[in-house]
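Each remark here refers to the structure printed beneath this line.
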Amino acid sequence: MQKERNTIDISAKINPVTRYVHLTYRVPDSAPDTITVCCRVRRQSEDSWQAAGIWPYISETALAYMAKENWEDGFLHGRVTERWAAGLQRTIVWNPFPFSVGKSAVNFQLTLLDGRRQLGRTETCIELKNADVVLLNDWSQVIQQRSIARDPQPGQAAWWLRRNQPGKYAPAGGTSLEVKEKGIELPQLTYPLDLRGPHALFVTLPAKLGCIELRLSGDEYPQIFHSPVLKESYPRVGEERFWRWVDMDRQHLVIRQPYRTVYEYEDRFRAHLDYVRLVPLTPEALLELDREWGTDGEKRLLAGYNEPYSWAFYEKLESPLRHWESVLPFAEAGVDLIDTQIGRGGSTMVFETRIGDQHTAGTFGDAVRGKVPTTDNVGQMQQYTNTLATQMKYARQLGMKFHANIGATNCYPGTPLESRLSQEHPEWRIGACLDYEVPEVRQHILALFEEALLIGASALSLDWCRYPDAVKDKETVTSFFRELRALADRYGEEHIDILTRFPAHEDPRSRFFDYETWITEQLIDYLCPSLNASSRMGNDYFVDLLNFDITRYVELVADTGVKLLPDIYGGPDKMLPGIWFERILSCYEAGADGVYIYQCDEPLHAFPETKRYVQQVKSLGALRRWRDRELAAQAHYSKGAYVTMPHRLRYGFMQVWTEGVKQGPVELLVDGVLRNYCERPPYLLTNDRDIEDGRHVLAVRIRDRGRWLEQDVDLEIHR
């Protein structure tokens, strides 16, 4: 290998929260557009080098979008690619755990390559002072010794204690916890701790299909850990998840088998856990976390959609007290208005109705990995609890305004979800949806709302957005709102608020929703324009779920008392800070009173990262501080393009995220053909029907400092 005698200066800085080592170096001026950075590490007491587990310094958004193979190249092989970095300072991040646990001195070597040609090499000594870091990976230390086994026998209700698995990235002698046999419910485990003061908690799972639930002994509900946001079906090898920071005084760690892993999907979907790492936090580190995640300053209104049906699908719900676990995360995230769905018009209801049909039977979900999951859990929720009254009680105790939400219509014909009304009167349907021009249909929906008011609801919500296909005339919708407003006005000493979510004007079906009249006649109190997975432009192009114009709505609600809450959609493929926070800020700065998060229950229940993001949403100051930090960091981030879903055009479009460059023009080419030109974000590739299924090459051309930078991304389309 030919070498150049280039000197590379390098400096190391240790993050006080993660204890990751950030190594900053300067790339030679003569470096080509693409170089490889190779990193090795060894203990000073040893002679052998091994690959360092590294990744480039990039934002949370880019890290979430990073392809699995790129992550593994860095973490397992110590190699990352740097683009367009000549003459710039770049930073790589090294996770020293579990390579080195405790206090040690290591030599870190960094080499820059142009193909096989060496551009430069440097080496530095790093003192790791991590004796105070607690690494939990010997699960034989749990209190419930009878509930673990080295080799559980068939039918034995014991966790599988596994040691020294091939390819497992963990300290020598450590263990992992797994479930050996499908269909067996296991007891909770407790790892005893005696720690003091605030700690940051990190969790790592084996890189295979499965999940785990963790809580501290003082918590009221567990956090589930599974494939991170936007990842493939498996967690990435060695990737730590930042769970939270918390005072650990008198806390134990409690490990629970998610009930979904007992019965759900396929045999290999099991509960498992690799290790948990706890880092004590200094006052300075706590201050830094408060600066990054604090929510002080001006607040906006935050409304969150809550769907007990979806939550109960995965839970063993046998007591009303379980509803507390469903509602509490909304309050912890600062949600002001919890919009709880109790059913959809024409389907069975998930509340204690006697006018409609309660859903007490089994049901099914969307296919996952080619298999359709089924469950009795939703029916059991109605068998054992009063969903509406219980969730409403808990929401009020937690200081949130509660809206009883009915989705306008979906009868789910031929399934266990279809109501008797739909079965007995198919002539009242248009396809799978009720026809609101039929007087009996309107009276049935009004009767359900009245029943919710009789149970105690003091606010209502009608969602036209999810299934608006049956609507053919805007007067039909407006007439129904007049009837609903008259019904609400007959109840309660105080005004009954009405919220509605409806298709935004980018959706052609928005012409059936006369929101100007609703505002003028004061028929509604909260206006939530929205786009979702069924929103189209014509027959071939889907639209971006976030970035619709709200100017017209802001003008109409001004000085009317009606609150404008644009839907910002809480799907995990969109709910990343770089994409999500920018949209929310643009809504606030355009004049919105707040935002509405559709499917808010998913980010609050499913991921520790997205729960933190929701906690930021209502704070204008927090979002502006985030924007200032990101603008300052862009000059230091590695340059590159990242694609939301490289294997398919999700919902008909794919979003490209650029990193380390000033936001500006971007060209998107598929197999050499220009498909879209964007002056500014969002950078979207839409689902042109002439892009055939199969493998393609997406070329992302980014305008940066007077030149076009090009990066190829493998693209595989499956419709």
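We label chains A, B, ... in the order they appear in the structure tokens, count residues from 1 in each chain, and number ligands from 1 in the order shown.
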Every residue of stretch 497-602 of chain A that DSSP places in alpha helix (DSSP H), as an MDAnalysis selection string: chainID A and resid 515:520 551:557 577:590 601:602
Please produce a file of the residues just selected, as a PDB file, in the first residue's frame, where the atoms kept are C-alpha atoms.
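Contents of the output file result19.pdb:
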ATOM      1  CA  TYR A 515     -64.774  24.794   6.947  1.00  0.00           C
ATOM      2  CA  GLU A 516     -65.497  28.468   6.210  1.00  0.00           C
ATOM      3  CA  THR A 517     -69.153  27.912   7.064  1.00  0.00           C
ATOM      4  CA  TRP A 518     -68.268  25.833  10.129  1.00  0.00           C
ATOM      5  CA  ILE A 519     -66.233  28.760  11.437  1.00  0.00           C
ATOM      6  CA  THR A 520     -68.755  31.449  10.492  1.00  0.00           C
ATOM      7  CA  THR A 551     -52.168  30.265   5.450  1.00  0.00           C
ATOM      8  CA  ARG A 552     -55.852  30.163   4.494  1.00  0.00           C
ATOM      9  CA  TYR A 553     -56.866  28.495   7.747  1.00  0.00           C
ATOM     10  CA  VAL A 554     -54.916  31.046   9.804  1.00  0.00           C
ATOM     11  CA  GLU A 555     -56.749  33.892   8.068  1.00  0.00           C
ATOM     12  CA  LEU A 556     -60.173  32.331   8.580  1.00  0.00           C
ATOM     13  CA  VAL A 557     -59.884  31.577  12.310  1.00  0.00           C
ATOM     14  CA  PRO A 577     -36.580  15.978  14.910  1.00  0.00           C
ATOM     15  CA  GLY A 578     -35.111  17.294  11.676  1.00  0.00           C
ATOM     16  CA  ILE A 579     -38.349  16.773   9.763  1.00  0.00           C
ATOM     17  CA  TRP A 580     -40.921  17.036  12.526  1.00  0.00           C
ATOM     18  CA  PHE A 581     -39.644  20.035  14.484  1.00  0.00           C
ATOM     19  CA  GLU A 582     -39.137  22.121  11.349  1.00  0.00           C
ATOM     20  CA  ARG A 583     -42.758  21.560  10.352  1.00  0.00           C
ATOM     21  CA  ILE A 584     -44.098  22.365  13.820  1.00  0.00           C
ATOM     22  CA  LEU A 585     -42.046  25.562  13.989  1.00  0.00           C
ATOM     23  CA  SER A 586     -43.305  26.630  10.572  1.00  0.00           C
ATOM     24  CA  CYS A 587     -46.900  26.107  11.760  1.00  0.00           C
ATOM     25  CA  TYR A 588     -46.346  28.154  14.917  1.00  0.00           C
ATOM     26  CA  GLU A 589     -44.565  30.945  13.091  1.00  0.00           C
ATOM     27  CA  ALA A 590     -47.362  31.031  10.491  1.00  0.00           C
ATOM     28  CA  ASP A 601     -50.362   7.125  21.186  1.00  0.00           C
ATOM     29  CA  GLU A 602     -47.792   5.372  18.972  1.00  0.00           C
TER      30      GLU A 602
END
Stretch 250-377 of chain A: residues DSSP assigns to strand (DSSP E), reported as a VMD selection string: chain A and resid 253 to 256 270 to 273 275 to 280 301 to 306 337 to 344 363 to 364 374 to 375
Write out, as a compact mmCIF listing (two decimals), in the first residue's frame, the residues just selected, with N, CA, C and O atoms.
# COMPACT_ATOMS: atom_id res chain seq x y z
N LEU A 253 -34.32 -2.33 38.72
CA LEU A 253 -34.71 -2.49 37.32
C LEU A 253 -35.65 -3.70 37.22
O LEU A 253 -35.32 -4.79 37.69
N VAL A 254 -36.82 -3.48 36.59
CA VAL A 254 -37.82 -4.54 36.42
C VAL A 254 -37.92 -4.89 34.94
O VAL A 254 -38.07 -4.00 34.09
N ILE A 255 -37.83 -6.17 34.63
CA ILE A 255 -37.82 -6.66 33.25
C ILE A 255 -39.11 -7.44 33.01
O ILE A 255 -39.46 -8.34 33.79
N ARG A 256 -39.81 -7.09 31.92
CA ARG A 256 -41.09 -7.74 31.65
C ARG A 256 -41.13 -8.26 30.21
O ARG A 256 -40.67 -7.59 29.29
N ARG A 270 -39.58 -13.03 19.83
CA ARG A 270 -39.50 -13.34 21.26
C ARG A 270 -38.97 -12.15 22.05
O ARG A 270 -38.36 -11.24 21.49
N ALA A 271 -39.16 -12.21 23.36
CA ALA A 271 -38.58 -11.20 24.25
C ALA A 271 -37.10 -11.49 24.44
O ALA A 271 -36.68 -12.65 24.56
N HIS A 272 -36.29 -10.41 24.44
CA HIS A 272 -34.85 -10.58 24.68
C HIS A 272 -34.23 -9.26 25.11
O HIS A 272 -34.76 -8.18 24.87
N LEU A 273 -33.08 -9.37 25.78
CA LEU A 273 -32.37 -8.19 26.29
C LEU A 273 -30.88 -8.50 26.33
O LEU A 273 -30.47 -9.57 26.79
N TYR A 275 -27.95 -5.73 27.23
CA TYR A 275 -27.45 -5.11 28.45
C TYR A 275 -28.08 -3.75 28.67
O TYR A 275 -28.67 -3.15 27.76
N VAL A 276 -27.97 -3.26 29.89
CA VAL A 276 -28.42 -1.92 30.28
C VAL A 276 -27.22 -1.21 30.90
O VAL A 276 -26.49 -1.80 31.71
N ARG A 277 -27.01 0.03 30.50
CA ARG A 277 -25.87 0.80 31.00
C ARG A 277 -26.38 2.05 31.71
O ARG A 277 -27.26 2.75 31.21
N LEU A 278 -25.85 2.33 32.88
CA LEU A 278 -26.26 3.48 33.68
C LEU A 278 -25.06 4.39 33.93
O LEU A 278 -24.04 3.94 34.47
N VAL A 279 -25.19 5.66 33.54
CA VAL A 279 -24.10 6.62 33.66
C VAL A 279 -24.49 7.68 34.70
O VAL A 279 -25.49 8.38 34.54
N PRO A 280 -23.72 7.80 35.79
CA PRO A 280 -24.02 8.86 36.77
C PRO A 280 -23.79 10.24 36.14
O PRO A 280 -22.86 10.43 35.36
N LEU A 301 -50.75 25.11 22.17
CA LEU A 301 -51.71 24.06 22.50
C LEU A 301 -51.33 22.76 21.82
O LEU A 301 -51.05 22.73 20.62
N LEU A 302 -51.32 21.68 22.57
CA LEU A 302 -50.96 20.37 22.03
C LEU A 302 -52.13 19.41 22.21
O LEU A 302 -52.57 19.13 23.32
N ALA A 303 -52.64 18.91 21.08
CA ALA A 303 -53.70 17.91 21.07
C ALA A 303 -53.13 16.59 20.57
O ALA A 303 -52.38 16.56 19.59
N GLY A 304 -53.49 15.50 21.24
CA GLY A 304 -52.97 14.19 20.86
C GLY A 304 -54.08 13.17 20.66
O GLY A 304 -54.95 13.00 21.53
N TYR A 305 -54.06 12.52 19.51
CA TYR A 305 -55.03 11.46 19.21
C TYR A 305 -54.66 10.21 19.99
O TYR A 305 -53.50 9.81 20.05
N ASN A 306 -55.69 9.58 20.57
CA ASN A 306 -55.49 8.38 21.38
C ASN A 306 -56.45 7.30 20.88
O ASN A 306 -57.65 7.53 20.79
N LEU A 337 -54.93 18.35 25.26
CA LEU A 337 -56.23 17.83 24.82
C LEU A 337 -56.01 16.42 24.29
O LEU A 337 -55.29 16.21 23.32
N ILE A 338 -56.61 15.44 24.95
CA ILE A 338 -56.48 14.05 24.52
C ILE A 338 -57.75 13.66 23.77
O ILE A 338 -58.85 13.72 24.30
N ASP A 339 -57.58 13.32 22.50
CA ASP A 339 -58.70 13.05 21.59
C ASP A 339 -58.82 11.53 21.44
O ASP A 339 -58.08 10.91 20.67
N THR A 340 -59.74 10.93 22.19
CA THR A 340 -59.79 9.48 22.34
C THR A 340 -60.89 8.88 21.48
O THR A 340 -62.07 9.17 21.67
N GLN A 341 -60.48 8.02 20.54
CA GLN A 341 -61.45 7.41 19.65
C GLN A 341 -62.22 6.30 20.37
O GLN A 341 -61.64 5.43 21.01
N ILE A 342 -63.56 6.34 20.22
CA ILE A 342 -64.41 5.32 20.83
C ILE A 342 -65.04 4.43 19.77
O ILE A 342 -65.78 3.50 20.09
N GLY A 343 -64.74 4.68 18.51
CA GLY A 343 -65.24 3.84 17.44
C GLY A 343 -65.34 4.59 16.13
O GLY A 343 -65.07 5.79 16.07
N ARG A 344 -65.72 3.87 15.06
CA ARG A 344 -65.94 4.45 13.75
C ARG A 344 -67.36 4.14 13.31
O ARG A 344 -67.86 3.03 13.55
N THR A 363 -60.22 -9.88 16.80
CA THR A 363 -60.04 -9.01 15.64
C THR A 363 -58.66 -9.27 15.03
O THR A 363 -57.91 -10.12 15.51
N PHE A 364 -58.34 -8.53 13.99
CA PHE A 364 -57.08 -8.74 13.29
C PHE A 364 -56.46 -7.38 12.98
O PHE A 364 -57.13 -6.34 13.01
N THR A 374 -53.70 -11.66 14.76
CA THR A 374 -55.04 -11.69 15.33
C THR A 374 -54.93 -11.56 16.85
O THR A 374 -53.89 -11.86 17.44
N THR A 375 -56.01 -11.12 17.48
CA THR A 375 -55.97 -10.92 18.93
C THR A 375 -57.37 -10.95 19.51
O THR A 375 -58.35 -10.57 18.85
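As for atom CA of A:Glu716 and atom CA of A:Gly115, they are spaced 27.1 Å apart.
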Shell of 10 Å around A:Gln89, only C-alpha atoms, local chain residues under 5 positions omitted, as a list in words: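 Everything that qualifies: Asp9, Ile10, Thr24, Tyr25, Arg26, Val27, Pro28, Ala635, His636, Tyr637 and Ser638 of chain A.
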Prev. selection, all heavy atoms, output as a CSV table (one decimal), in the first residue's frame:
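Wrote it out as again-v4.csv, contents follow:
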chain,number,residue,atom,x,y,z
A,9,ASP,N,-3.8,16.0,12.6
A,9,ASP,CA,-4.0,16.4,14.0
A,9,ASP,C,-5.4,15.8,14.5
A,9,ASP,O,-6.3,15.9,13.7
A,9,ASP,CB,-4.0,17.9,14.2
A,9,ASP,CG,-2.6,18.5,13.9
A,9,ASP,OD1,-1.6,17.8,14.2
A,9,ASP,OD2,-2.6,19.7,13.4
A,10,ILE,N,-5.4,15.3,15.7
A,10,ILE,CA,-6.6,14.7,16.2
A,10,ILE,C,-6.8,15.1,17.7
A,10,ILE,O,-5.8,15.2,18.4
A,10,ILE,CB,-6.6,13.2,16.1
A,10,ILE,CG1,-8.0,12.6,16.4
A,10,ILE,CG2,-5.5,12.6,16.9
A,10,ILE,CD1,-8.1,11.1,16.0
A,24,THR,N,-12.0,14.4,16.7
A,24,THR,CA,-12.1,15.4,15.6
A,24,THR,C,-10.7,15.5,15.0
A,24,THR,O,-9.7,15.5,15.7
A,24,THR,CB,-12.5,16.8,16.2
A,24,THR,OG1,-13.8,16.7,16.8
A,24,THR,CG2,-12.6,17.8,15.1
A,25,TYR,N,-10.7,15.5,13.7
A,25,TYR,CA,-9.5,15.5,12.9
A,25,TYR,C,-9.7,16.4,11.6
A,25,TYR,O,-10.8,16.7,11.3
A,25,TYR,CB,-9.1,14.1,12.5
A,25,TYR,CG,-10.1,13.4,11.6
A,25,TYR,CD1,-10.0,13.4,10.2
A,25,TYR,CD2,-11.2,12.8,12.2
A,25,TYR,CE1,-11.0,12.8,9.5
A,25,TYR,CE2,-12.2,12.2,11.5
A,25,TYR,CZ,-12.1,12.2,10.1
A,25,TYR,OH,-13.1,11.6,9.3
A,26,ARG,N,-8.6,16.7,11.0
A,26,ARG,CA,-8.7,17.6,9.8
A,26,ARG,C,-8.3,16.7,8.6
A,26,ARG,O,-7.3,16.0,8.5
A,26,ARG,CB,-7.7,18.8,9.8
A,26,ARG,CG,-7.9,19.7,8.7
A,26,ARG,CD,-7.0,20.9,8.8
A,26,ARG,NE,-7.2,21.9,7.8
A,26,ARG,CZ,-6.7,21.9,6.6
A,26,ARG,NH1,-6.0,20.8,6.2
A,26,ARG,NH2,-7.0,22.8,5.7
A,27,VAL,N,-9.2,16.8,7.6
A,27,VAL,CA,-9.0,16.0,6.3
A,27,VAL,C,-8.0,16.8,5.4
A,27,VAL,O,-8.2,18.0,5.3
A,27,VAL,CB,-10.3,15.8,5.6
A,27,VAL,CG1,-10.1,15.0,4.3
A,27,VAL,CG2,-11.3,15.0,6.5
A,28,PRO,N,-7.0,16.2,4.8
A,28,PRO,CA,-6.1,16.9,4.0
A,28,PRO,C,-6.8,17.7,2.8
A,28,PRO,O,-7.8,17.2,2.3
A,28,PRO,CB,-5.1,15.8,3.5
A,28,PRO,CG,-5.2,14.7,4.5
A,28,PRO,CD,-6.6,14.8,5.0
A,635,ALA,N,-22.3,22.7,10.0
A,635,ALA,CA,-20.9,22.8,9.5
A,635,ALA,C,-20.0,21.7,10.0
A,635,ALA,O,-19.0,21.5,9.4
A,635,ALA,CB,-20.4,24.2,9.9
A,636,HIS,N,-20.4,21.0,11.1
A,636,HIS,CA,-19.6,20.0,11.7
A,636,HIS,C,-20.1,18.6,11.3
A,636,HIS,O,-19.3,17.6,11.5
A,636,HIS,CB,-19.5,20.2,13.2
A,636,HIS,CG,-19.1,21.5,13.6
A,636,HIS,ND1,-17.8,21.9,13.6
A,636,HIS,CD2,-19.8,22.6,14.1
A,636,HIS,CE1,-17.7,23.2,14.0
A,636,HIS,NE2,-18.9,23.6,14.4
A,637,TYR,N,-21.3,18.5,10.9
A,637,TYR,CA,-21.8,17.2,10.6
A,637,TYR,C,-21.2,16.7,9.3
A,637,TYR,O,-20.8,17.4,8.4
A,637,TYR,CB,-23.3,17.2,10.3
A,637,TYR,CG,-24.2,17.4,11.5
A,637,TYR,CD1,-25.5,18.0,11.5
A,637,TYR,CD2,-23.8,16.9,12.8
A,637,TYR,CE1,-26.3,18.1,12.6
A,637,TYR,CE2,-24.6,17.0,13.9
A,637,TYR,CZ,-25.8,17.6,13.8
A,637,TYR,OH,-26.6,17.8,14.9
A,638,SER,N,-21.0,15.3,9.2
A,638,SER,CA,-20.6,14.7,7.9
A,638,SER,C,-21.6,15.0,6.8
A,638,SER,O,-22.8,14.9,7.1
A,638,SER,CB,-20.3,13.2,8.1
A,638,SER,OG,-19.3,13.0,9.0
Distance query A:Asp114 at most 7 Å, only C-alpha atoms, self and fewer than 3 positions along chain excluded, as a PyMOL selection string: chain A and resi 35-36+117-119
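Note that the spacing between atom CA of A:Asp693 and atom CA of A:Tyr677 amounts to 22.2 Å.
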A:Glu450 environment, 9 Å, only C-alpha atoms, sequence neighbours closer than 3 positions dropped, as number ranges by chain: A: 445-447, 453-455, 487-488, 491
For the residues in the current selection, export all heavy atoms as a PDB file, in the first residue's frame.
ATOM      1  N   ILE A 445     -75.367   8.011  14.280  1.00  0.00           N
ATOM      2  CA  ILE A 445     -74.107   8.607  14.745  1.00  0.00           C
ATOM      3  C   ILE A 445     -74.384   9.626  15.846  1.00  0.00           C
ATOM      4  O   ILE A 445     -73.668   9.685  16.857  1.00  0.00           O
ATOM      5  CB  ILE A 445     -73.349   9.257  13.578  1.00  0.00           C
ATOM      6  CG1 ILE A 445     -73.085   8.251  12.455  1.00  0.00           C
ATOM      7  CG2 ILE A 445     -72.031   9.857  14.074  1.00  0.00           C
ATOM      8  CD1 ILE A 445     -72.234   7.073  12.858  1.00  0.00           C
ATOM      9  N   LEU A 446     -75.439  10.415  15.690  1.00  0.00           N
ATOM     10  CA  LEU A 446     -75.795  11.384  16.725  1.00  0.00           C
ATOM     11  C   LEU A 446     -76.155  10.690  18.030  1.00  0.00           C
ATOM     12  O   LEU A 446     -75.811  11.167  19.119  1.00  0.00           O
ATOM     13  CB  LEU A 446     -76.954  12.261  16.252  1.00  0.00           C
ATOM     14  CG  LEU A 446     -76.619  13.283  15.163  1.00  0.00           C
ATOM     15  CD1 LEU A 446     -77.895  13.884  14.584  1.00  0.00           C
ATOM     16  CD2 LEU A 446     -75.718  14.387  15.707  1.00  0.00           C
ATOM     17  N   ALA A 447     -76.824   9.552  17.937  1.00  0.00           N
ATOM     18  CA  ALA A 447     -77.191   8.815  19.142  1.00  0.00           C
ATOM     19  C   ALA A 447     -75.957   8.305  19.869  1.00  0.00           C
ATOM     20  O   ALA A 447     -75.918   8.277  21.112  1.00  0.00           O
ATOM     21  CB  ALA A 447     -78.121   7.658  18.778  1.00  0.00           C
ATOM     22  N   LEU A 453     -72.069  11.710  25.718  1.00  0.00           N
ATOM     23  CA  LEU A 453     -72.370  12.844  26.591  1.00  0.00           C
ATOM     24  C   LEU A 453     -73.049  12.376  27.874  1.00  0.00           C
ATOM     25  O   LEU A 453     -72.768  12.886  28.966  1.00  0.00           O
ATOM     26  CB  LEU A 453     -73.254  13.847  25.851  1.00  0.00           C
ATOM     27  CG  LEU A 453     -72.583  14.618  24.703  1.00  0.00           C
ATOM     28  CD1 LEU A 453     -73.625  15.345  23.867  1.00  0.00           C
ATOM     29  CD2 LEU A 453     -71.549  15.595  25.237  1.00  0.00           C
ATOM     30  N   LEU A 454     -73.942  11.404  27.755  1.00  0.00           N
ATOM     31  CA  LEU A 454     -74.627  10.884  28.935  1.00  0.00           C
ATOM     32  C   LEU A 454     -73.654  10.193  29.883  1.00  0.00           C
ATOM     33  O   LEU A 454     -73.817  10.237  31.104  1.00  0.00           O
ATOM     34  CB  LEU A 454     -75.733   9.916  28.500  1.00  0.00           C
ATOM     35  CG  LEU A 454     -76.963  10.558  27.848  1.00  0.00           C
ATOM     36  CD1 LEU A 454     -77.847   9.492  27.219  1.00  0.00           C
ATOM     37  CD2 LEU A 454     -77.754  11.376  28.873  1.00  0.00           C
ATOM     38  N   ILE A 455     -72.622   9.546  29.328  1.00  0.00           N
ATOM     39  CA  ILE A 455     -71.609   8.899  30.162  1.00  0.00           C
ATOM     40  C   ILE A 455     -70.753   9.930  30.879  1.00  0.00           C
ATOM     41  O   ILE A 455     -70.180   9.660  31.935  1.00  0.00           O
ATOM     42  CB  ILE A 455     -70.755   7.949  29.299  1.00  0.00           C
ATOM     43  CG1 ILE A 455     -71.604   6.749  28.841  1.00  0.00           C
ATOM     44  CG2 ILE A 455     -69.520   7.448  30.041  1.00  0.00           C
ATOM     45  CD1 ILE A 455     -70.929   5.872  27.806  1.00  0.00           C
ATOM     46  N   LEU A 487     -77.157  19.192  19.191  1.00  0.00           N
ATOM     47  CA  LEU A 487     -77.142  18.153  20.219  1.00  0.00           C
ATOM     48  C   LEU A 487     -76.242  18.565  21.374  1.00  0.00           C
ATOM     49  O   LEU A 487     -76.635  18.470  22.550  1.00  0.00           O
ATOM     50  CB  LEU A 487     -76.660  16.841  19.608  1.00  0.00           C
ATOM     51  CG  LEU A 487     -76.330  15.713  20.596  1.00  0.00           C
ATOM     52  CD1 LEU A 487     -77.594  15.234  21.309  1.00  0.00           C
ATOM     53  CD2 LEU A 487     -75.632  14.553  19.885  1.00  0.00           C
ATOM     54  N   ALA A 488     -75.030  19.005  21.074  1.00  0.00           N
ATOM     55  CA  ALA A 488     -74.084  19.374  22.122  1.00  0.00           C
ATOM     56  C   ALA A 488     -74.607  20.526  22.970  1.00  0.00           C
ATOM     57  O   ALA A 488     -74.394  20.558  24.194  1.00  0.00           O
ATOM     58  CB  ALA A 488     -72.741  19.734  21.498  1.00  0.00           C
ATOM     59  N   TYR A 491     -76.650  19.848  26.139  1.00  0.00           N
ATOM     60  CA  TYR A 491     -76.029  19.149  27.268  1.00  0.00           C
ATOM     61  C   TYR A 491     -75.060  20.059  28.006  1.00  0.00           C
ATOM     62  O   TYR A 491     -74.301  20.814  27.403  1.00  0.00           O
ATOM     63  CB  TYR A 491     -75.289  17.903  26.783  1.00  0.00           C
ATOM     64  CG  TYR A 491     -76.223  16.745  26.525  1.00  0.00           C
ATOM     65  CD1 TYR A 491     -76.891  16.638  25.317  1.00  0.00           C
ATOM     66  CD2 TYR A 491     -76.465  15.794  27.508  1.00  0.00           C
ATOM     67  CE1 TYR A 491     -77.771  15.593  25.081  1.00  0.00           C
ATOM     68  CE2 TYR A 491     -77.337  14.749  27.286  1.00  0.00           C
ATOM     69  CZ  TYR A 491     -77.991  14.646  26.068  1.00  0.00           C
ATOM     70  OH  TYR A 491     -78.870  13.615  25.843  1.00  0.00           O
TER      71      TYR A 491
END
Atom-to-atom span, atom CA of A:Asp712 and atom CA of A:Gly664, Å: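 Value for the atom CA of A:Asp712-atom CA of A:Gly664 distance: 18.4 Å.
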A:Gly407 surroundings by only C-alpha atoms, 12 Å radius, close-in-sequence under 4 positions cut, as a PyMOL selection string: chain A and resi 305+307+339-350+411+433-434+445+448-449+460-468+499-502
Non-local contacts of A:Leu112 (12 Å; only C-alpha atoms; under 5 positions in same chain excluded) as a PyMOL selection string: chain A and resi 3-8+25-28+30-32+34-40+78-82+85-86+90+117-123
Residue with smallest distance to A:Leu287 - pool A:Thr204, A:Tyr314, A:Pro16, A:Glu667, counting only C-alpha atoms: A:Pro16
